[in-house]
Protein chains: 2
Amino acid sequence: MSNSSPSQLSIDSARLLARLRQLGNTGRNSAGQLTRLAASDEDKLGRDLLVSWLREAGLSVSVDAIGNIFGIWEAGASTEQAALMIGSHIDTVVNAGIYDGCYGVLAALAVIETLQRCGARPSRRIVLAAFTNEEGVRYQPDMTGSLVYAGGYSLDAALAAVGSDGSVLGEELRRIGYAGPGTPGFLRPAIYLELHIEQGPILESEGYTIGAVQDVQGISWQRVIINGAANHAGTTPIAMRRDAGLAAARAITFLRDRLAAAPPTVATVGTVRFEPDAINIIPSRAVFTVDLRDPDEQRLQSAERELARYLKHLEQQENVTVDLERIVRFEPVAFDQELVKRIEEAAAQRGLKHRRMTSGAGHDAQMMARICPAAMIFVPSHDGISHNPLEHTDEADLIAGANVLLDVVVGLLSS
Amino acid sequence: MSNSSPSQLSIDSARLLARLRQLGNTGRNSAGQLTRLAASDEDKLGRDLLVSWLREAGLSVSVDAIGNIFGIWEAGASTEQAALMIGSHIDTVVNAGIYDGCYGVLAALAVIETLQRCGARPSRRIVLAAFTNEEGVRYQPDMTGSLVYAGGYSLDAALAAVGSDGSVLGEELRRIGYAGPGTPGFLRPAIYLELHIEQGPILESEGYTIGAVQDVQGISWQRVIINGAANHAGTTPIAMRRDAGLAAARAITFLRDRLAAAPPTVATVGTVRFEPDAINIIPSRAVFTVDLRDPDEQRLQSAERELARYLKHLEQQENVTVDLERIVRFEPVAFDQELVKRIEEAAAQRGLKHRRMTSGAGHDAQMMARICPAAMIFVPSHDGISHNPLEHTDEADLIAGANVLLDVVVGLLSS
């Protein structure tokens with residue numbers, strides 16, 4: 001495969017930005033907050049808008065049984081040859097920004113429209129994908145649509161998922177008209193590409209425009225439950241205490257100082273609860289969550305082991321008992337090295353500062369990597385903020401990212 | 001003053017134990033829980049029962065404006081000579097045990113009855129005291145009755161206190177018939193003695209029956225508010241984090257390892273709260289309470305300063321901001337050394353293992369120490385448990401403590 005040459009093409013940036021705003025204004029509540037939870041009424045509004053644009057672009061729209069939406073540009077290409085798939089998701093978190101997911105889907109549409117506009121006749125079908133319930137706010141697991149599509153989770157189990165509001169995913173998809181006839185996985189792509197905002201601060205803080213994402217961190221979520229003994233804060237000598245709160249604090253500092261002492265391992269304790277929760281009573285119980293991430297599975301396992309060992313040690317040191325519960329576990333995913341190189345080359349040829357990087361968040365691309373070569377392109381997130389109305393990427397970066405996606409697609413079609 | 005000789009007397013132990021049980025069964029709810037919050041209907045039941053026993057003993061009952069109950073044994077003694085006061089409180093926490101406070105009041109009654117029984121003609125009046133709202137559960141501050149009595153808090157402010165249930169202390173005292181005519185402090189005693197359960201594990205674990213309490217720890221309650229920045233747990237590199245939860249954990253371990261590293265200083269963090277409280281979001285805010293206690297005021301102040309200094313250091317180290325709010329502050333109280341020595345001697349002469357000790361909890365005696373020599377006698381609490389239905393002191397220890405109180409009173413009367 002030769003170096004891809006610059007396509008000399010550019011996406012219609014005004015149209016991309018206008019659609020981002022229009023989709024971003026679809027599903028807002030009376031307070032102006034954007035919330036399009038998977039398979040909700042608001043999600044239906046967003047889906048309907050997307051489908052109308054896909055049809056306007058002359059794409060053949062197909063919905064599968066888990067509600068994934070595909071816009072297929074046949075372009076007279078042979079169906080013998082596996083398609084090139086580009087996409088992301090359009091469901092959102094509660095009170096979301098407008099870029100997470102939507103940017104990748106609408107940029108994919110912009111790429112197809114650009115190729116159409118200049119009369120391209122691609123050798124293989126190009127398929128836009130918008131996967132169901134990437135966010136996992138309403139239903140578990142997150143990335144449901146791509147996970148089921150890639151055969152990593154049963155369709156029946158996914159459709160039976162009971163939501164945080166008591167609803168059932170399968171029923172809700174039927175209700176909003178997006179329980180389609182297609183069998184998930186019906187179209188096995190040759191390649192999957194996903195353009196996404198970084199949702200972290202690295203690109204911006206280091207002055208890069210393009211991230212060539214080479215892997216996705218593995219994620220380990222655990223719950224730690226420490227049991228000690230409640231006692232009077234004034235009358236209980238230190239040596240006689242069984243302080244569950246202190247033990248939790250020691251574990252939290254251990255996680256930072258020992259397990260996440262050097263990149264790329266990260267550890268976060270986002271929630272903690274003491275009982276009985278009184279100013280003058282030594283905590284009898286402390287419960288906290290641990291979010292451990294690492295792009296290397298061996299290192300992630302080793303961090304889990306070290307934590308478990310430290311908690312055993314704490315049982316002795318603080319005279320407490322510790323239980324550890326697994327909540328979520330995803331292995332790290334390595335993307336396709338050749339695709340990553342193509343992204344770097346495309347960025348370089350446009351004179352864009354770029355770097356290889358690891359995705360700290362989960363994405364549909366990591367599920368699609370189970371069935372085809374996959375990779376992702378990141379653009380900067382202002383202050384690293386995401387899942388928040390303050391989520392922002394400069395227009396120039398949004399356009400640059402979409403053009404890099406365009407160039408990589410052109411390169412792949414011509415190779 | 002000579003060593004006091006054994007009085008050869010003993011209190012009526014069966015009667016003391018029976019009354020403890022009877023008062024302990026007064027004010028239970030339908031679930032069998034004992035809750036006699038200050039100036040409540042249940043407190044009235046307890047007060048009425050106590051007053052009936054005081055009258056049976058021929059004591060002159062006097063109630064002051066803050067609801068403190070006094071049972072005065074005139075015994076023909078001159079009113080010129082200051083009285084000897086012994087007592088405690090009979091209000092309880094929610095779902096309480098039967099010994100905290102009640103034991104000291106009922107043992108005082110047993111002491112007076114013993115002296116009556118053997119025809120003693122004390123040189124000075126002996127006054128039993130039951131102070132209002134020692135526990136501070138319904139109204140703030142705790143130890144209201146003795147604090148007002150000792151002139152440390154204004155009567156008007158105390159009566160205007162609004163309770164956790166929205167009630168007003170002064171109105172509730174009137175309602176239950178215990179807003180008396182006496183001016184708090186109307187009777188300034190020569191000496192105040194208080195017998196109490198330890199509410200901690202020291203006596204039991206070290207094998208002592210009697211604690212001669214020489215001082216009460218100073219108490220410092222503060223609230224620490226740490227502000228950092230919420231960010232994605234997967235995409236935010238460690239070096240860019242402003243993790244308020246981690247900073248809180250560091251402060252909690254600092255408190256134990258540096259400020260409470262050696263007795264007698266104790267430090268407790270009983271409550272903590274993270275925001276936004278999500279498993280995959282770095283905490284933007286952590287709020288926790290600090291309970292610091294020390295029998296030495298200089299050392300307590302130094303611990304407060306060291307904590308403040310460490311929090312300043314944390315601001316730099318973790319790139320967070322820290323605010324510190326004072327909630328409660330009591331200076332340590334030293335009891336009267338001569339009284340403490342008398343308690344030790346009385347215990348020794350009964351062959352009871354005894355030790356000097358510091359009270360970790362607050363007691364009415366520390367307020368009375370503002371206006372007269374005061375001291376306390378402690379007896380063991382099983383497993384150090386208090387403020388709990390499991391609160392327990394062996395009968396032999398209850399009887400031993402009451403007899404030591406009797407001997408100290410006899411010694412004081414004859415000296």
# chains A, B, ... in the order shown; residues from 1 in each chain; ligands from 1
$ interface_residues --of "chain A" --to "chain B" --cutoff "6 Å" --atoms "only C-alpha atoms" --output "MDAnalysis selection string"
chainID A and resid 200 233:236 249 268 270:271 277:279 281:283 360:361
$ residues_around --residues "Trp73 in chain A" --least-positions-apart "3" --cutoff "7 Å" --atoms "only C-alpha atoms" --output "PyMOL selection string"
chain A and resi 59-60+125-127
$ residues_around --residues "Leu413 in chain A" --least-positions-apart "6" --cutoff "12 Å" --atoms "only C-alpha atoms" --output "number ranges by chain"
A: 1, 4-5, 7, 77, 81-85, 115, 120-126, 190-191, 406-407
$ write_last_selection --atoms "N, CA and C atoms" --output "short mmCIF file (atom, residue, chain, number, x, y, z; two decimals), in the first residue's frame"
data_model
loop_
_atom_site.label_atom_id
_atom_site.label_comp_id
_atom_site.auth_asym_id
_atom_site.auth_seq_id
_atom_site.Cartn_x
_atom_site.Cartn_y
_atom_site.Cartn_z
N MET A 1 0.84 -1.20 0.00
CA MET A 1 0.00 0.00 0.00
C MET A 1 0.88 1.25 0.00
N SER A 4 -1.02 7.39 1.05
CA SER A 4 -2.18 8.00 0.42
C SER A 4 -1.83 9.45 0.08
N SER A 5 -2.27 9.87 -1.08
CA SER A 5 -2.00 11.26 -1.48
C SER A 5 -3.16 12.13 -1.00
N SER A 7 -6.35 14.21 -0.90
CA SER A 7 -7.48 14.03 -1.81
C SER A 7 -7.81 15.30 -2.57
N ALA A 77 -21.32 -0.25 -6.38
CA ALA A 77 -20.21 -1.13 -6.02
C ALA A 77 -20.69 -2.56 -5.86
N GLN A 81 -17.65 -7.32 -2.41
CA GLN A 81 -16.56 -6.76 -1.65
C GLN A 81 -17.10 -6.17 -0.34
N ALA A 82 -16.42 -6.45 0.75
CA ALA A 82 -16.88 -5.96 2.05
C ALA A 82 -16.88 -4.44 2.05
N ALA A 83 -17.85 -3.90 2.76
CA ALA A 83 -18.03 -2.45 2.79
C ALA A 83 -17.03 -1.76 3.71
N LEU A 84 -16.93 -0.45 3.51
CA LEU A 84 -16.15 0.39 4.40
C LEU A 84 -17.17 1.09 5.30
N MET A 85 -17.05 0.90 6.61
CA MET A 85 -18.05 1.48 7.52
C MET A 85 -17.45 2.63 8.31
N LEU A 115 -17.81 12.79 -1.55
CA LEU A 115 -17.46 11.83 -2.62
C LEU A 115 -18.53 11.83 -3.70
N ALA A 120 -17.40 10.55 -7.38
CA ALA A 120 -16.61 9.35 -7.10
C ALA A 120 -17.43 8.09 -7.33
N ARG A 121 -16.78 7.06 -7.78
CA ARG A 121 -17.42 5.75 -7.97
C ARG A 121 -16.63 4.74 -7.16
N PRO A 122 -16.85 4.70 -5.85
CA PRO A 122 -16.00 3.85 -5.00
C PRO A 122 -16.12 2.38 -5.35
N SER A 123 -15.03 1.69 -5.15
CA SER A 123 -14.97 0.27 -5.48
C SER A 123 -15.77 -0.57 -4.48
N ARG A 124 -16.01 -0.03 -3.33
CA ARG A 124 -16.80 -0.78 -2.34
C ARG A 124 -17.86 0.15 -1.72
N ARG A 125 -18.92 -0.46 -1.20
CA ARG A 125 -19.98 0.33 -0.56
C ARG A 125 -19.40 1.08 0.64
N ILE A 126 -19.90 2.26 0.82
CA ILE A 126 -19.55 3.00 2.04
C ILE A 126 -20.81 3.06 2.89
N ALA A 190 -15.26 -4.37 5.86
CA ALA A 190 -13.83 -4.63 5.69
C ALA A 190 -13.03 -3.81 6.69
N ILE A 191 -13.57 -2.63 6.99
CA ILE A 191 -12.86 -1.67 7.84
C ILE A 191 -13.92 -0.84 8.56
N LEU A 406 -12.05 12.07 5.67
CA LEU A 406 -12.27 12.02 4.21
C LEU A 406 -11.02 11.49 3.50
N ASP A 407 -9.86 12.03 3.84
CA ASP A 407 -8.62 11.63 3.17
C ASP A 407 -8.31 10.15 3.41
#
$ residues_around --residues "range 367-371 of chain B" --least-positions-apart "5" --cutoff "6 Å" --atoms "only C-alpha atoms" --output "PyMOL selection string"
chain B and resi 146-147+150
$ residues_around --residues "Asp156 in chain A" --least-positions-apart "5" --cutoff "10 Å" --atoms "only C-alpha atoms" --output "ChimeraX atom specification"
/A:65-66,148,161,170
$ residues_around --residues "Ala14 in chain B" --least-positions-apart "2" --cutoff "12 Å" --atoms "only C-alpha atoms" --output "PyMOL selection string"
chain B and resi 10-12+16-21+107+110+395-396+398-399
$ write_last_selection --atoms "C-alpha atoms" --output "PDB file, in the first residue's frame"
ATOM      1  CA  SER B  10     -22.831   0.430 101.314  1.00  0.00           C
ATOM      2  CA  ILE B  11     -25.586   1.651  99.090  1.00  0.00           C
ATOM      3  CA  ASP B  12     -28.751  -0.405  98.610  1.00  0.00           C
ATOM      4  CA  LEU B  16     -30.280   1.106  92.611  1.00  0.00           C
ATOM      5  CA  LEU B  17     -30.365  -1.631  89.969  1.00  0.00           C
ATOM      6  CA  ALA B  18     -34.172  -1.850  90.074  1.00  0.00           C
ATOM      7  CA  ARG B  19     -34.495   1.900  89.612  1.00  0.00           C
ATOM      8  CA  LEU B  20     -32.033   1.874  86.722  1.00  0.00           C
ATOM      9  CA  ARG B  21     -34.222  -0.716  85.021  1.00  0.00           C
ATOM     10  CA  ALA B 107     -26.466   6.564  92.438  1.00  0.00           C
ATOM     11  CA  ALA B 110     -28.732   5.962  96.663  1.00  0.00           C
ATOM     12  CA  GLU B 395     -23.786  -4.985  88.148  1.00  0.00           C
ATOM     13  CA  ALA B 396     -20.729  -5.429  90.349  1.00  0.00           C
ATOM     14  CA  LEU B 398     -22.283  -0.321  89.020  1.00  0.00           C
ATOM     15  CA  ILE B 399     -22.392  -1.114  92.727  1.00  0.00           C
TER      16      ILE B 399
END
$ closest_residue --among "A:Val322, A:Ala229, A:Cys102, A:Val328" --to "Asp142 in chain A" --atoms "only C-alpha atoms"
A:Val328
$ select_by_dssp --residues "range 25-171 of chain B" --states "strand (DSSP E or B)" --output "ChimeraX atom specification"
/B:28,34,60-64,69-73,84-89,126-131,162,168
$ select_by_dssp --residues "range 52-164 of chain B" --states "alpha helix (DSSP H)" --output "PyMOL selection string"
chain B and resi 52-56+102-117+144-149+155-159
$ residues_around --residues "range 32-39 of chain A" --least-positions-apart "5" --cutoff "10 Å" --atoms "only C-alpha atoms" --output "ChimeraX atom specification"
/A:23-27,44-47,67,89-98,131-139,144,163,167-179,388-389
